[in-house]
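First comes the structure, then the notes that go with it.
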Amino acid sequence: MTTMTAVGSYAALPIDSPDALKDIVVPLPEVLPRDVLVRVEAVSVNPVDVKRRSSMTSSAEPTILGFDAAGVVHAVGSAVTTLSVGDEVWYAGDITRQGSNSEFQAVDERIVARKPASLTFAEAAALPLTTITAWETLFERFGMNRETRGDLLVVGAAGGVGSVMIQLAKKLTGVRVIGTGSRDDSRQWAVDMGADVVINHHHLRDQALDVAPDGVDFVFSPHSAGNVGIYAEIIRPFGHVTAIDEPEGLELVVLKEKSIAWHWELMFTRSMFGYDMESQGRLLAEAARMVDAGELRTTLTSAIKGFDAEGLREAHRLVESGRMVGKVVVHR
């Protein structure tokens, strides 16, 4: 076997165009010494997938999107030591390589771990990217531990990252979690994930100060445009913000008076620069342990059967709607 099926994109097109995502046949990926070749069973679609699809330049060669994946190791590179053929695994991929929307994917073993035994492939595929992002935000950017106290504000609490961040914060730290949500379903989802309080992000300043009159200590920000001035008002002196977006014209000087620290979180940094990649494999292994121990639950809310362009177009539509609660997964 020298070829495989995949779903590719050649240009930035509206998702309702049949050419936005197309069923294609491509050569099997090259397996590098530290790679495992995974037969992909399920993938989830994240906002980063939509962003990449809608911003790509036209090309005669296809781009295969997709990051989150769960599947079975089909082959291993010559230097692989941690995984074996037949292992069921999960991972969040590498933005510098072709993605998981394919029959097989080559991925560095250092950012892969065995998936939770208690989850199906679809349930597992919902978690890796958001779990890594939430974990690195809490324990690396914010430097939290089990003794950490104070208030954590999770903006977009019903989203993929927010859903996991609430769970991890409640299980592994001592902070009070304040989530944001404006619709009944998103507010209830945040409560179900463990949020102590849920406020409406359309009234962020007033409602945040109502529940935390002295200010919050930490803010997770997936939607920073127009909010930096509000953060300056609702965060205590020497507080912290971690952002995962990059809006144009972001002005941070308003945070200086309170010595508020601004952090960036990009879970692809390690694989892009080959920096401490093993930590993500260890992180996913610990997350799998937590899932199997009943300490962390999947955030899957919509499962689409049909691992092809049609199924992935539907998943992209759901993410683009801006009304997703939890995660959408496409599976075989």
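Residue names in the structure tokens use chain letters A, B, ... in the order shown, residue numbers from 1 in each chain, and ligand numbers from 1 in the order shown.
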Could you find all residues in region 90-283 of chain A that DSSP calls strand (DSSP E) from the backbone, and write them as a PyMOL selection string?
chain A and resi 90-91+104-108+112-114+151-154+176-180+197-199+216-221+235-243+261-264
Selected residues written out, C-alpha atoms, as an mmCIF file, in the first residue's frame:
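Ended up saving to again33.cif:
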```cif
data_model
loop_
_atom_site.group_PDB
_atom_site.id
_atom_site.type_symbol
_atom_site.label_atom_id
_atom_site.label_comp_id
_atom_site.auth_asym_id
_atom_site.auth_seq_id
_atom_site.Cartn_x
_atom_site.Cartn_y
_atom_site.Cartn_z
ATOM 1 C CA TRP A 90 -4.511 10.016 20.989
ATOM 2 C CA TYR A 91 -2.703 13.258 20.171
ATOM 3 C CA PHE A 104 -3.077 7.471 8.069
ATOM 4 C CA GLN A 105 -0.979 10.133 9.773
ATOM 5 C CA ALA A 106 2.697 10.226 10.717
ATOM 6 C CA VAL A 107 3.267 11.947 14.064
ATOM 7 C CA ASP A 108 6.219 12.224 16.430
ATOM 8 C CA VAL A 112 1.468 10.964 21.428
ATOM 9 C CA ALA A 113 0.147 8.830 24.302
ATOM 10 C CA ARG A 114 -2.073 5.800 24.717
ATOM 11 C CA ASP A 151 -10.545 33.441 41.293
ATOM 12 C CA LEU A 152 -10.082 32.109 37.754
ATOM 13 C CA LEU A 153 -12.291 33.687 35.068
ATOM 14 C CA VAL A 154 -12.783 31.377 32.087
ATOM 15 C CA ARG A 176 -12.910 29.374 42.426
ATOM 16 C CA VAL A 177 -13.924 29.112 38.761
ATOM 17 C CA ILE A 178 -16.063 31.833 37.218
ATOM 18 C CA GLY A 179 -17.214 30.922 33.715
ATOM 19 C CA THR A 180 -18.877 33.052 31.058
ATOM 20 C CA VAL A 197 -20.351 30.758 39.082
ATOM 21 C CA VAL A 198 -21.419 31.587 35.523
ATOM 22 C CA ILE A 199 -21.764 35.178 34.316
ATOM 23 C CA VAL A 216 -10.141 38.183 39.838
ATOM 24 C CA ASP A 217 -6.633 36.734 39.864
ATOM 25 C CA PHE A 218 -6.519 34.897 36.542
ATOM 26 C CA VAL A 219 -8.305 35.330 33.199
ATOM 27 C CA PHE A 220 -8.315 32.849 30.327
ATOM 28 C CA SER A 221 -9.021 34.807 27.144
ATOM 29 C CA ILE A 235 -8.217 41.882 37.491
ATOM 30 C CA ARG A 236 -6.469 42.435 40.804
ATOM 31 C CA PRO A 237 -2.999 44.011 40.904
ATOM 32 C CA PHE A 238 -0.313 41.528 39.795
ATOM 33 C CA GLY A 239 -2.943 39.306 38.192
ATOM 34 C CA HIS A 240 -2.544 37.298 34.994
ATOM 35 C CA VAL A 241 -4.170 36.895 31.584
ATOM 36 C CA THR A 242 -3.482 34.052 29.153
ATOM 37 C CA ALA A 243 -4.744 34.553 25.597
ATOM 38 C CA ALA A 261 1.004 39.941 33.249
ATOM 39 C CA TRP A 262 -0.112 38.969 29.737
ATOM 40 C CA HIS A 263 0.768 35.452 28.557
ATOM 41 C CA TRP A 264 0.326 33.702 25.226
#
```
Using only C-alpha atoms, which protein or nucleic acid residues come within 6 Å of region 292-300 of chain A? Drop anything in the same chain fewer than 6 positions from it, and give the result as a VMD selection string.
chain A and resid 116 118 123 126 326 to 327
Selection above as a file: C-alpha atoms, as a PDB file, in the first residue's frame:
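File written: again27.pdb
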```
ATOM      1  CA  PRO A 116      -7.977   6.406  27.737  1.00  0.00           C
ATOM      2  CA  SER A 118     -12.579   3.826  28.976  1.00  0.00           C
ATOM      3  CA  GLU A 123     -14.918  10.334  22.784  1.00  0.00           C
ATOM      4  CA  ALA A 126     -12.568  15.436  21.452  1.00  0.00           C
ATOM      5  CA  GLY A 326     -18.355  21.184  23.852  1.00  0.00           C
ATOM      6  CA  LYS A 327     -16.759  19.489  20.815  1.00  0.00           C
TER       7      LYS A 327
END
```
Closest atom pairs, residues of region 93-200 of chain A within 12 Å of region 1-7 of chain A, only C-alpha atoms, as JSON lines:
```
{"residue": "A:Gln98", "atom": "CA", "partner": "A:Ala6", "partner_atom": "CA", "distance": 10.4}
{"residue": "A:Gly99", "atom": "CA", "partner": "A:Ala6", "partner_atom": "CA", "distance": 9.5}
{"residue": "A:Ser100", "atom": "CA", "partner": "A:Ala6", "partner_atom": "CA", "distance": 8.6}
{"residue": "A:Asn101", "atom": "CA", "partner": "A:Val7", "partner_atom": "CA", "distance": 5.7}
{"residue": "A:Ser102", "atom": "CA", "partner": "A:Ala6", "partner_atom": "CA", "distance": 3.9}
{"residue": "A:Glu103", "atom": "CA", "partner": "A:Thr5", "partner_atom": "CA", "distance": 5.5}
{"residue": "A:Phe104", "atom": "CA", "partner": "A:Met4", "partner_atom": "CA", "distance": 7.0}
{"residue": "A:Gln105", "atom": "CA", "partner": "A:Ala6", "partner_atom": "CA", "distance": 9.8}
```
Dump as CSV the rows for residues of region 257-319 of chain A within 12 Å of region 68-87 of chain A: closest atom pair and distance in Å with one decimal, only C-alpha atoms counted, ordered by chain and rising residue number.
```
residue,atom,partner,partner_atom,distance
A:Met267,CA,A:Asp68,CA,11.8
A:Phe268,CA,A:Asp68,CA,11.9
A:Glu278,CA,A:Thr82,CA,10.6
A:Gly281,CA,A:Thr82,CA,9.8
A:Arg282,CA,A:Thr82,CA,11.0
A:Leu284,CA,A:Ala70,CA,12.0
A:Ala285,CA,A:Thr82,CA,11.5
A:Phe307,CA,A:Ala69,CA,12.0
```
What are the nearest atom pairs, with distances in Å to one decimal, for all residues of region 137-254 of chain A that come at most 10 Å from region 45-57 of chain A, using only C-alpha atoms, set out by chain and rising residue number as a Markdown table?
```
| residue | atom | partner | partner_atom | distance |
| --- | --- | --- | --- | --- |
| A:Gly159 | CA | A:Asn46 | CA | 9.8 |
| A:Gly160 | CA | A:Asn46 | CA | 8.0 |
| A:Val161 | CA | A:Asn46 | CA | 9.8 |
| A:Asp245 | CA | A:Val48 | CA | 9.9 |
```
Closest of A:Gly181, A:Gly8, A:Gly143, A:Pro33 to Glu109 (chain A) - atom-to-atom distances counting only C-alpha atoms
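Closest residue, counting only C-alpha atoms: A:Pro33.
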Skip His203 (chain A) itself and residues of its chain fewer than 6 positions away, then list as a PDB file with C-alpha atoms, in the first residue's frame all residues within 12 Å of it, counting only C-alpha atoms.
```
ATOM      1  CA  VAL A 155     -14.135  33.363  29.146  1.00  0.00           C
ATOM      2  CA  THR A 180     -18.877  33.052  31.058  1.00  0.00           C
ATOM      3  CA  GLY A 181     -21.844  32.091  28.895  1.00  0.00           C
ATOM      4  CA  SER A 182     -24.830  33.948  27.501  1.00  0.00           C
ATOM      5  CA  LEU A 209     -17.158  42.747  39.761  1.00  0.00           C
ATOM      6  CA  ASP A 210     -20.495  41.677  41.258  1.00  0.00           C
ATOM      7  CA  ASN A 227     -11.819  43.107  26.279  1.00  0.00           C
ATOM      8  CA  ILE A 230     -12.312  45.395  30.831  1.00  0.00           C
TER       9      ILE A 230
END
```
Looking only at the backbone, which of the residues in region 42-108 of chain A does DSSP tag as alpha helix (DSSP H), as a ChimeraX atom specification?
/A:47-55
Deliver the residues from the most recent selection as a file, using C-alpha atoms, as an mmCIF file, in the first residue's frame.
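After the write, again-v4.cif holds the following:
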```
data_model
loop_
_atom_site.group_PDB
_atom_site.id
_atom_site.type_symbol
_atom_site.label_atom_id
_atom_site.label_comp_id
_atom_site.auth_asym_id
_atom_site.auth_seq_id
_atom_site.Cartn_x
_atom_site.Cartn_y
_atom_site.Cartn_z
ATOM 1 C CA PRO A 47 -11.565 26.748 15.629
ATOM 2 C CA VAL A 48 -7.941 26.549 14.426
ATOM 3 C CA ASP A 49 -9.062 24.165 11.652
ATOM 4 C CA VAL A 50 -11.680 26.662 10.487
ATOM 5 C CA LYS A 51 -9.197 29.524 10.714
ATOM 6 C CA ARG A 52 -6.582 27.680 8.647
ATOM 7 C CA ARG A 53 -9.106 26.604 6.009
ATOM 8 C CA SER A 54 -10.515 30.109 5.590
ATOM 9 C CA SER A 55 -7.107 31.804 5.366
#
```
Computed gap from CA of Ala232 (chain A) to CA of Lys258 (chain A) is 7.6 Å
In Å, how far is it from CA of Ala169 (chain A) to CA of Leu252 (chain A)?
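The value is 26.1 Å.
Considering the residues A:Arg183, A:Glu61, A:Leu204, A:Tyr275 and counting only C-alpha atoms, Ala11 (chain A) has its shortest atom-to-atom contact with A:Glu61.
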